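Undergrad: Next up, target-v7.txt (compact mmCIF, C-alpha atoms).
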```txt
# COMPACT_ATOMS: atom_id res chain seq x y z
CA MET A 105 92.50 128.06 118.28
CA VAL A 106 90.45 127.53 115.16
CA TYR A 107 92.38 125.71 112.43
CA ASP A 108 92.11 126.55 108.74
CA PHE A 109 93.99 123.44 107.62
CA VAL A 110 94.22 119.93 109.07
CA ILE A 111 96.72 117.32 107.88
CA PHE A 112 96.01 113.70 108.76
CA ASP A 113 98.27 110.70 108.94
CA LEU A 114 96.66 107.70 107.22
CA ASP A 115 97.33 104.28 108.78
CA GLY A 116 96.25 104.13 112.41
CA THR A 117 94.64 107.57 112.22
CA LEU A 118 92.03 107.58 109.44
CA ILE A 119 92.05 103.89 108.55
CA ASP A 120 92.71 100.53 110.16
CA SER A 121 94.76 98.92 107.41
CA VAL A 122 96.92 96.47 109.34
CA GLY A 123 95.01 93.41 108.10
CA ASP A 124 95.87 94.11 104.47
CA ILE A 125 99.43 95.13 105.35
CA ALA A 126 99.92 91.88 107.27
CA ASP A 127 98.44 89.81 104.45
CA ALA A 128 100.79 91.39 101.88
CA LEU A 129 103.78 91.01 104.19
CA ASN A 130 103.04 87.37 104.88
CA ARG A 131 102.54 86.61 101.18
CA THR A 132 105.83 88.29 100.37
CA LEU A 133 107.92 86.68 103.09
CA GLY A 134 106.09 83.36 103.46
CA THR A 135 105.46 84.17 107.12
CA LYS A 136 102.44 84.04 109.44
CA PHE A 137 102.70 87.23 111.44
CA ALA A 138 99.57 88.22 113.33
CA ASP A 139 98.04 91.64 112.76
CA ALA A 140 99.01 92.76 116.27
CA GLU A 141 102.68 92.04 115.58
CA VAL A 142 102.65 93.86 112.26
CA ALA A 143 100.91 96.91 113.76
CA GLY A 144 104.04 97.76 115.72
CA TRP A 145 106.06 98.07 112.51
CA VAL A 146 103.64 100.33 110.63
CA GLY A 147 104.24 104.03 110.08
CA SER A 148 107.90 104.46 109.16
CA GLY A 149 107.86 103.17 105.61
CA VAL A 150 108.24 99.83 103.86
CA GLN A 151 111.90 99.31 104.69
CA GLN A 152 111.21 99.61 108.42
CA LEU A 153 108.24 97.26 108.06
CA LEU A 154 110.47 94.66 106.43
CA ARG A 155 113.20 95.10 109.02
CA GLY A 156 110.67 94.64 111.78
CA ALA A 157 109.59 91.39 110.15
CA GLY A 158 113.20 90.22 110.00
CA ALA A 159 113.46 90.24 106.22
CA VAL A 160 116.92 89.39 104.90
CA GLY A 161 118.42 89.87 101.46
CA ASP A 162 117.92 92.68 98.99
CA LEU A 163 115.41 94.87 100.83
CA ASP A 164 114.77 96.99 97.74
CA GLU A 165 113.72 93.93 95.76
CA ILE A 166 111.67 92.56 98.67
CA ALA A 167 110.01 95.97 99.02
CA ARG A 168 108.99 95.89 95.35
CA SER A 169 107.44 92.45 95.84
CA TYR A 170 105.64 93.62 98.97
CA ARG A 171 104.25 96.72 97.26
CA ALA A 172 102.96 94.62 94.38
CA ALA A 173 101.28 92.18 96.78
CA TYR A 174 99.73 95.04 98.75
CA ALA A 175 98.54 96.92 95.66
CA ALA A 176 96.83 93.75 94.41
CA SER A 177 94.53 93.69 97.46
CA PRO A 178 94.64 96.96 99.42
CA VAL A 179 91.12 97.13 100.87
CA LYS A 180 90.06 93.56 101.60
CA HIS A 181 90.18 94.19 105.36
CA THR A 182 90.86 97.94 105.53
CA ARG A 183 88.16 100.17 106.99
CA ALA A 184 87.87 103.74 108.18
CA TYR A 185 87.85 104.08 111.94
CA LEU A 186 84.64 104.82 113.81
CA ARG A 187 83.01 108.13 112.78
CA VAL A 188 85.84 109.12 110.42
CA LYS A 189 83.64 109.55 107.36
CA GLU A 190 80.96 111.52 109.19
CA THR A 191 83.44 113.73 111.03
CA LEU A 192 85.43 114.61 107.92
CA ARG A 193 82.24 115.72 106.21
CA MET A 194 81.41 118.01 109.12
CA LEU A 195 84.78 119.77 108.99
CA ARG A 196 84.58 122.77 106.67
CA CYS A 197 88.30 123.56 106.74
CA ASP A 198 90.77 122.34 104.11
CA LYS A 199 92.08 118.83 104.80
CA ALA A 200 95.00 116.77 103.51
CA VAL A 201 96.68 113.41 104.10
CA ALA A 202 100.41 112.96 104.68
CA THR A 203 101.60 109.35 104.78
CA ASN A 204 104.74 107.26 104.44
CA LYS A 205 102.77 105.01 102.07
CA PRO A 206 103.31 105.47 98.33
CA GLY A 207 101.02 108.30 97.30
CA GLY A 208 99.28 106.39 94.52
CA LEU A 209 98.39 103.55 96.86
CA ALA A 210 97.10 105.95 99.51
CA ARG A 211 94.90 107.68 96.93
CA THR A 212 93.57 104.34 95.67
CA ILE A 213 92.69 103.17 99.18
CA LEU A 214 90.94 106.40 100.13
CA ASP A 215 89.07 106.45 96.84
CA ARG A 216 87.81 102.90 97.32
CA LEU A 217 86.72 103.76 100.85
CA GLY A 218 84.82 106.80 99.58
CA LEU A 219 87.04 109.29 101.39
CA ALA A 220 89.35 110.73 98.72
CA SER A 221 87.07 113.63 97.83
CA GLU A 222 87.35 115.00 101.38
CA PHE A 223 90.98 116.07 100.85
CA VAL A 224 92.64 118.81 98.83
CA ALA A 225 95.81 116.68 98.72
CA ILE A 226 96.79 113.09 99.50
CA LEU A 227 100.57 112.93 99.64
CA GLY A 228 102.90 109.96 100.07
CA GLU A 229 106.63 109.85 100.65
CA ASP A 230 107.32 109.29 96.94
CA ASP A 231 105.29 112.38 96.02
CA VAL A 232 107.60 114.66 98.02
CA GLY A 233 110.88 112.72 98.08
CA ALA A 234 111.08 112.54 101.87
CA ARG A 235 109.71 110.34 104.63
CA LYS A 236 108.15 111.52 107.86
CA PRO A 237 109.39 112.76 110.32
CA ASP A 238 110.97 115.01 107.68
CA PRO A 239 108.65 118.07 107.66
CA LEU A 240 108.75 118.51 103.87
CA ILE A 241 105.44 116.70 103.34
CA VAL A 242 103.72 119.10 105.75
CA ASP A 243 105.32 122.13 104.14
CA ILE A 244 104.25 121.03 100.65
CA ALA A 245 100.71 120.32 101.83
CA ARG A 246 100.49 123.76 103.48
CA GLY A 247 101.77 125.37 100.32
CA LYS A 248 98.93 123.88 98.29
CA VAL A 249 96.37 125.92 100.23
CA GLY A 250 98.50 128.77 101.54
CA ALA A 251 98.00 127.73 105.18
CA THR A 252 100.11 129.24 107.93
CA ARG A 253 101.90 127.13 110.51
CA ALA A 254 99.96 128.82 113.30
CA ARG A 255 96.59 127.71 111.91
CA THR A 256 97.58 124.20 110.78
CA LEU A 257 96.92 121.08 112.85
CA PHE A 258 98.62 117.73 112.27
CA VAL A 259 96.67 114.65 113.43
CA GLY A 260 98.47 111.33 113.86
CA ASP A 261 98.80 108.21 115.96
CA SER A 262 102.54 107.73 116.42
CA LEU A 263 105.75 109.20 117.75
CA VAL A 264 106.83 109.60 114.12
CA ASP A 265 103.83 111.86 113.62
CA ALA A 266 104.72 113.76 116.78
CA ALA A 267 108.24 114.33 115.49
CA THR A 268 106.86 115.41 112.10
CA ALA A 269 104.61 118.05 113.63
CA ALA A 270 107.43 119.34 115.83
CA ALA A 271 109.82 119.59 112.88
CA ALA A 272 107.15 121.35 110.81
CA GLY A 273 106.30 123.83 113.58
CA VAL A 274 102.58 123.04 113.62
CA ASP A 275 100.17 122.05 116.36
CA LEU A 276 99.72 118.34 117.03
CA CYS A 277 96.78 116.16 117.97
CA LEU A 278 97.57 112.53 118.79
CA VAL A 279 94.89 109.84 118.63
CA THR A 280 95.22 107.01 121.13
CA TYR A 281 93.31 104.32 119.22
CA GLY A 282 95.97 103.69 116.55
CA TYR A 283 98.87 101.26 116.34
CA ALA A 284 101.18 102.71 118.99
CA ASP A 285 100.97 101.93 122.70
CA PRO A 286 98.18 104.22 123.98
CA ASP A 287 100.00 105.04 127.22
CA ALA A 288 103.07 106.13 125.27
CA ILE A 289 100.91 108.29 123.04
CA ARG A 290 99.12 109.90 125.97
CA ALA A 291 102.53 110.67 127.51
CA ALA A 292 103.88 112.26 124.32
CA PRO A 293 103.82 116.07 124.18
CA ALA A 294 100.95 117.34 122.06
CA ARG A 295 98.47 120.21 122.18
CA HIS A 296 95.62 117.69 122.04
CA HIS A 297 95.06 113.98 122.68
CA VAL A 298 91.83 112.24 121.68
CA ASP A 299 90.48 108.72 122.18
CA ARG A 300 87.91 108.90 119.35
CA PHE A 301 88.10 110.49 115.93
CA ASP A 302 84.92 112.53 116.39
CA ALA A 303 86.48 114.19 119.46
CA LEU A 304 88.34 116.29 116.89
CA LEU A 305 85.19 118.28 116.13
CA PRO A 306 85.27 120.64 119.14
CA ILE A 307 89.02 121.07 118.65
CA ILE A 308 88.98 121.92 114.95
CA ALA A 309 85.53 123.50 114.69
CA PRO A 310 84.42 124.84 118.08
CA GLY A 311 80.67 125.30 118.27
CA SER A 312 79.91 122.94 115.41
```
Any chance you could put this one into structure tokens?
TA:
Amino acid sequence: MVYDFVIFDLDGTLIDSVGDIADALNRTLGTKFADAEVAGWVGSGVQQLLRGAGAVGDLDEIARSYRAAYAASPVKHTRAYLRVKETLRMLRCDKAVATNKPGGLARTILDRLGLASEFVAILGEDDVGARKPDPLIVDIARGKVGATRARTLFVGDSLVDAATAAAAGVDLCLVTYGYADPDAIRAAPARHHVDRFDALLPIIAPGS
């Protein structure tokens, strides 16, 4: 299969952002969670992040405080994973990002990392009005370029991403270096599993 369109999850797939997420969470809650603890709560939206951290009270208000703290310093620690930048530039197909982050924040982070120009769309849950694993974000991204399900690949690092691809009816590649337990990810059904981002090249662009 040669894919015309590839949709990437953001955190744990393209970028290692847990340091900045943990910093913002700890500033908001007055806690001292380690990055490794916070990593297990990333990927299902802010409310799930706060629940994982044991936040109590008005979660909507706490979420607003967290988002403000995160937006104030979103790329102090955040970096693209190994060979992400180089690999994206070698892929000639259309590419997009689908994340449960707010879309504006995702676009800011990717712009500051020098990656935003690689994508035809960078969509967050607030851009589409639904959170993964709802397939709407994939359907909207496909619609922007007229891509078929059969020639679209979704790349992610979590079981949420796996459920998103299944619901959207597109092929799935799971990366094992993200925030989920790698054994659980390797055991999850997917057309492809990779341990490094640049291992996507022979999958997406055979012969390149």
Undergrad: Quick one: 3 Å padding each side, axis-aligned, all listed atoms of range 285-297 of chain A - centre and edge lengths in Å to one decimal, as JSON?
TA:
```
{"center_x": 99.5, "center_y": 111.1, "center_z": 124.8, "size_x": 14.8, "size_y": 24.3, "size_z": 11.5}
```
Undergrad: Taking (97.4, 96.4, 114.7) in the file's coordinates as the center, which residues reach within 9 Å of it, counting only C-alpha atoms, put as a PDB file with C-alpha atoms, in the frame of the given file?
TA:
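Result file is out_3.pdb:
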```pdb
ATOM      1  CA  GLY A 116      96.250 104.130 112.410  1.00  0.00           C
ATOM      2  CA  ASP A 120      92.710 100.530 110.160  1.00  0.00           C
ATOM      3  CA  SER A 121      94.760  98.920 107.410  1.00  0.00           C
ATOM      4  CA  VAL A 122      96.920  96.470 109.340  1.00  0.00           C
ATOM      5  CA  GLY A 123      95.010  93.410 108.100  1.00  0.00           C
ATOM      6  CA  ALA A 138      99.570  88.220 113.330  1.00  0.00           C
ATOM      7  CA  ASP A 139      98.040  91.640 112.760  1.00  0.00           C
ATOM      8  CA  ALA A 140      99.010  92.760 116.270  1.00  0.00           C
ATOM      9  CA  GLU A 141     102.680  92.040 115.580  1.00  0.00           C
ATOM     10  CA  VAL A 142     102.650  93.860 112.260  1.00  0.00           C
ATOM     11  CA  ALA A 143     100.910  96.910 113.760  1.00  0.00           C
ATOM     12  CA  GLY A 144     104.040  97.760 115.720  1.00  0.00           C
ATOM     13  CA  VAL A 146     103.640 100.330 110.630  1.00  0.00           C
ATOM     14  CA  GLY A 282      95.970 103.690 116.550  1.00  0.00           C
ATOM     15  CA  TYR A 283      98.870 101.260 116.340  1.00  0.00           C
ATOM     16  CA  ALA A 284     101.180 102.710 118.990  1.00  0.00           C
TER      17      ALA A 284
END
```
Undergrad: Report as a list in words all protein, DNA and RNA residues lying within 8 Å of range 231-236 of chain A, evaluated on only C-alpha atoms, omitting residues in the same chain fewer than 5 positions from it.
TA: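 In the requested format, the answer is Ser148, Gly149, Thr203, Asn204, Pro206, Gly207, Ile241, Ile244, Val264, Asp265 and Thr268 of chain A.
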Undergrad: Excluding range 167-170 of chain A and residues on its chain fewer than 5 positions from it, collect all residues at most 12 Å away from it, counting all atoms listed in the file, and give them as a list of chain:residue names.
TA: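 The neighbour list is A:Asp124, A:Ile125, A:Ala126, A:Asp127, A:Ala128, A:Leu129, A:Asn130, A:Arg131, A:Thr132, A:Leu133, A:Gly134, A:Gly149, A:Val150, A:Gln151, A:Gln152, A:Leu153, A:Leu154, A:Arg155, A:Ala159, A:Val160, A:Gly161, A:Asp162, A:Ala175, A:Ala176, A:Ser177, A:Pro178, A:Lys205, A:Pro206.
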Undergrad: Need to verify the contact set: range 248-257 of chain A, 12 Å, all atoms listed in the file, exclusion of same-chain residues closer than 2 positions in sequence. Can you return it as an mmCIF file with C-alpha atoms, in the frame of the given file?
TA:
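Saved the output as selection.cif:
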```cif
data_model
loop_
_atom_site.group_PDB
_atom_site.id
_atom_site.type_symbol
_atom_site.label_atom_id
_atom_site.label_comp_id
_atom_site.auth_asym_id
_atom_site.auth_seq_id
_atom_site.Cartn_x
_atom_site.Cartn_y
_atom_site.Cartn_z
ATOM 1 C CA MET A 105 92.500 128.060 118.280
ATOM 2 C CA VAL A 106 90.450 127.530 115.160
ATOM 3 C CA TYR A 107 92.380 125.710 112.430
ATOM 4 C CA ASP A 108 92.110 126.550 108.740
ATOM 5 C CA PHE A 109 93.990 123.440 107.620
ATOM 6 C CA VAL A 110 94.220 119.930 109.070
ATOM 7 C CA ILE A 111 96.720 117.320 107.880
ATOM 8 C CA PHE A 112 96.010 113.700 108.760
ATOM 9 C CA ASP A 113 98.270 110.700 108.940
ATOM 10 C CA CYS A 197 88.300 123.560 106.740
ATOM 11 C CA ASP A 198 90.770 122.340 104.110
ATOM 12 C CA LYS A 199 92.080 118.830 104.800
ATOM 13 C CA ALA A 200 95.000 116.770 103.510
ATOM 14 C CA VAL A 201 96.680 113.410 104.100
ATOM 15 C CA PHE A 223 90.980 116.070 100.850
ATOM 16 C CA VAL A 224 92.640 118.810 98.830
ATOM 17 C CA ALA A 225 95.810 116.680 98.720
ATOM 18 C CA ILE A 226 96.790 113.090 99.500
ATOM 19 C CA LEU A 227 100.570 112.930 99.640
ATOM 20 C CA PRO A 239 108.650 118.070 107.660
ATOM 21 C CA ILE A 241 105.440 116.700 103.340
ATOM 22 C CA VAL A 242 103.720 119.100 105.750
ATOM 23 C CA ASP A 243 105.320 122.130 104.140
ATOM 24 C CA ILE A 244 104.250 121.030 100.650
ATOM 25 C CA ALA A 245 100.710 120.320 101.830
ATOM 26 C CA ARG A 246 100.490 123.760 103.480
ATOM 27 C CA VAL A 259 96.670 114.650 113.430
ATOM 28 C CA GLY A 260 98.470 111.330 113.860
ATOM 29 C CA ASP A 265 103.830 111.860 113.620
ATOM 30 C CA ALA A 266 104.720 113.760 116.780
ATOM 31 C CA THR A 268 106.860 115.410 112.100
ATOM 32 C CA ALA A 269 104.610 118.050 113.630
ATOM 33 C CA ALA A 270 107.430 119.340 115.830
ATOM 34 C CA ALA A 271 109.820 119.590 112.880
ATOM 35 C CA ALA A 272 107.150 121.350 110.810
ATOM 36 C CA GLY A 273 106.300 123.830 113.580
ATOM 37 C CA VAL A 274 102.580 123.040 113.620
ATOM 38 C CA ASP A 275 100.170 122.050 116.360
ATOM 39 C CA LEU A 276 99.720 118.340 117.030
ATOM 40 C CA CYS A 277 96.780 116.160 117.970
ATOM 41 C CA LEU A 278 97.570 112.530 118.790
ATOM 42 C CA ALA A 294 100.950 117.340 122.060
ATOM 43 C CA ARG A 295 98.470 120.210 122.180
ATOM 44 C CA HIS A 296 95.620 117.690 122.040
ATOM 45 C CA LEU A 304 88.340 116.290 116.890
ATOM 46 C CA ILE A 307 89.020 121.070 118.650
ATOM 47 C CA ILE A 308 88.980 121.920 114.950
ATOM 48 C CA ALA A 309 85.530 123.500 114.690
#
```
Undergrad: Can you tell me which residues surround Val279 in chain A at a distance of at most 9 Å, considering all atoms listed in the file, apart from same-chain residues fewer than 4 positions away, and format the answer as a list of chain:residue names?
TA: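 Selected residues are A:Gly116, A:Thr117, A:Val259, A:Gly260, A:Asp261, A:Ser262, A:Pro286, A:Ile289, A:Arg290, A:His296, A:His297, A:Val298, A:Asp299, A:Arg300, A:Phe301.
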Undergrad: Have a look at A:Tyr174, A:Tyr185, A:Phe137, A:Trp145 and name the one nearest to Tyr281 in chain A; count all atoms listed in the file.
TA: A:Tyr185
Undergrad: Just the number, please: distance in Å from CA of Ile119 in chain A to CA of Arg193 in chain A, one decimal.
TA: 15.5 Å
Undergrad: In Å, with one decimal, what is the gap from CA of Pro310 in chain A to CA of Thr191 in chain A?
TA: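 Interatomic distance, CA of Pro310 in chain A to CA of Thr191 in chain A: 13.2 Å.
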Undergrad: Quick one: pull the distance between CA of Leu214 in chain A and CA of Gly228 in chain A, Å, one decimal.
TA: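 The value is 12.5 Å.
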Undergrad: Using only C-alpha atoms, which residue out of A:Ala292, A:Lys136, A:Lys189, A:Leu209 lies closest to Ala172 in chain A?
TA: A:Leu209
Undergrad: Could range 187-206 of chain A be completed with N, CA and C atoms and returned as an mmCIF file, in the frame of the given file?
TA:
```cif
data_model
loop_
_atom_site.group_PDB
_atom_site.id
_atom_site.type_symbol
_atom_site.label_atom_id
_atom_site.label_comp_id
_atom_site.auth_asym_id
_atom_site.auth_seq_id
_atom_site.Cartn_x
_atom_site.Cartn_y
_atom_site.Cartn_z
ATOM 1 N N ARG A 187 83.434 106.738 112.960
ATOM 2 C CA ARG A 187 83.010 108.130 112.780
ATOM 3 C C ARG A 187 83.982 108.972 111.945
ATOM 4 N N VAL A 188 84.922 108.350 111.256
ATOM 5 C CA VAL A 188 85.840 109.120 110.420
ATOM 6 C C VAL A 188 85.096 109.783 109.265
ATOM 7 N N LYS A 189 84.318 109.012 108.538
ATOM 8 C CA LYS A 189 83.640 109.550 107.360
ATOM 9 C C LYS A 189 82.707 110.698 107.743
ATOM 10 N N GLU A 190 81.920 110.492 108.777
ATOM 11 C CA GLU A 190 80.960 111.520 109.190
ATOM 12 C C GLU A 190 81.660 112.776 109.699
ATOM 13 N N THR A 191 82.728 112.588 110.460
ATOM 14 C CA THR A 191 83.440 113.730 111.030
ATOM 15 C C THR A 191 84.132 114.539 109.950
ATOM 16 N N LEU A 192 84.777 113.875 109.001
ATOM 17 C CA LEU A 192 85.430 114.610 107.920
ATOM 18 C C LEU A 192 84.430 115.473 107.169
ATOM 19 N N ARG A 193 83.248 114.967 106.961
ATOM 20 C CA ARG A 193 82.240 115.720 106.210
ATOM 21 C C ARG A 193 81.728 116.925 106.990
ATOM 22 N N MET A 194 81.849 116.897 108.298
ATOM 23 C CA MET A 194 81.410 118.010 109.120
ATOM 24 C C MET A 194 82.462 119.105 109.253
ATOM 25 N N LEU A 195 83.701 118.797 108.889
ATOM 26 C CA LEU A 195 84.780 119.770 108.990
ATOM 27 C C LEU A 195 84.843 120.602 107.720
ATOM 28 N N ARG A 196 84.639 121.898 107.841
ATOM 29 C CA ARG A 196 84.580 122.770 106.670
ATOM 30 C C ARG A 196 85.950 123.335 106.285
ATOM 31 N N CYS A 197 86.972 123.070 107.068
ATOM 32 C CA CYS A 197 88.300 123.560 106.740
ATOM 33 C C CYS A 197 88.931 122.676 105.652
ATOM 34 N N ASP A 198 90.023 123.155 105.052
ATOM 35 C CA ASP A 198 90.770 122.340 104.110
ATOM 36 C C ASP A 198 91.433 121.180 104.849
ATOM 37 N N LYS A 199 91.522 120.042 104.187
ATOM 38 C CA LYS A 199 92.080 118.830 104.800
ATOM 39 C C LYS A 199 93.004 118.143 103.808
ATOM 40 N N ALA A 200 94.060 117.509 104.342
ATOM 41 C CA ALA A 200 95.000 116.770 103.510
ATOM 42 C C ALA A 200 95.457 115.529 104.242
ATOM 43 N N VAL A 201 96.102 114.626 103.521
ATOM 44 C CA VAL A 201 96.680 113.410 104.100
ATOM 45 C C VAL A 201 98.176 113.418 103.810
ATOM 46 N N ALA A 202 98.962 113.081 104.821
ATOM 47 C CA ALA A 202 100.410 112.960 104.680
ATOM 48 C C ALA A 202 100.825 111.609 105.247
ATOM 49 N N THR A 203 101.319 110.724 104.381
ATOM 50 C CA THR A 203 101.600 109.350 104.780
ATOM 51 C C THR A 203 102.954 108.888 104.262
ATOM 52 N N ASN A 204 103.525 107.903 104.937
ATOM 53 C CA ASN A 204 104.740 107.260 104.440
ATOM 54 C C ASN A 204 104.429 106.129 103.468
ATOM 55 N N LYS A 205 103.157 105.910 103.156
ATOM 56 C CA LYS A 205 102.770 105.010 102.070
ATOM 57 C C LYS A 205 103.116 105.660 100.725
ATOM 58 N N PRO A 206 103.264 104.867 99.661
ATOM 59 C CA PRO A 206 103.310 105.470 98.330
ATOM 60 C C PRO A 206 102.021 106.266 98.074
#
```
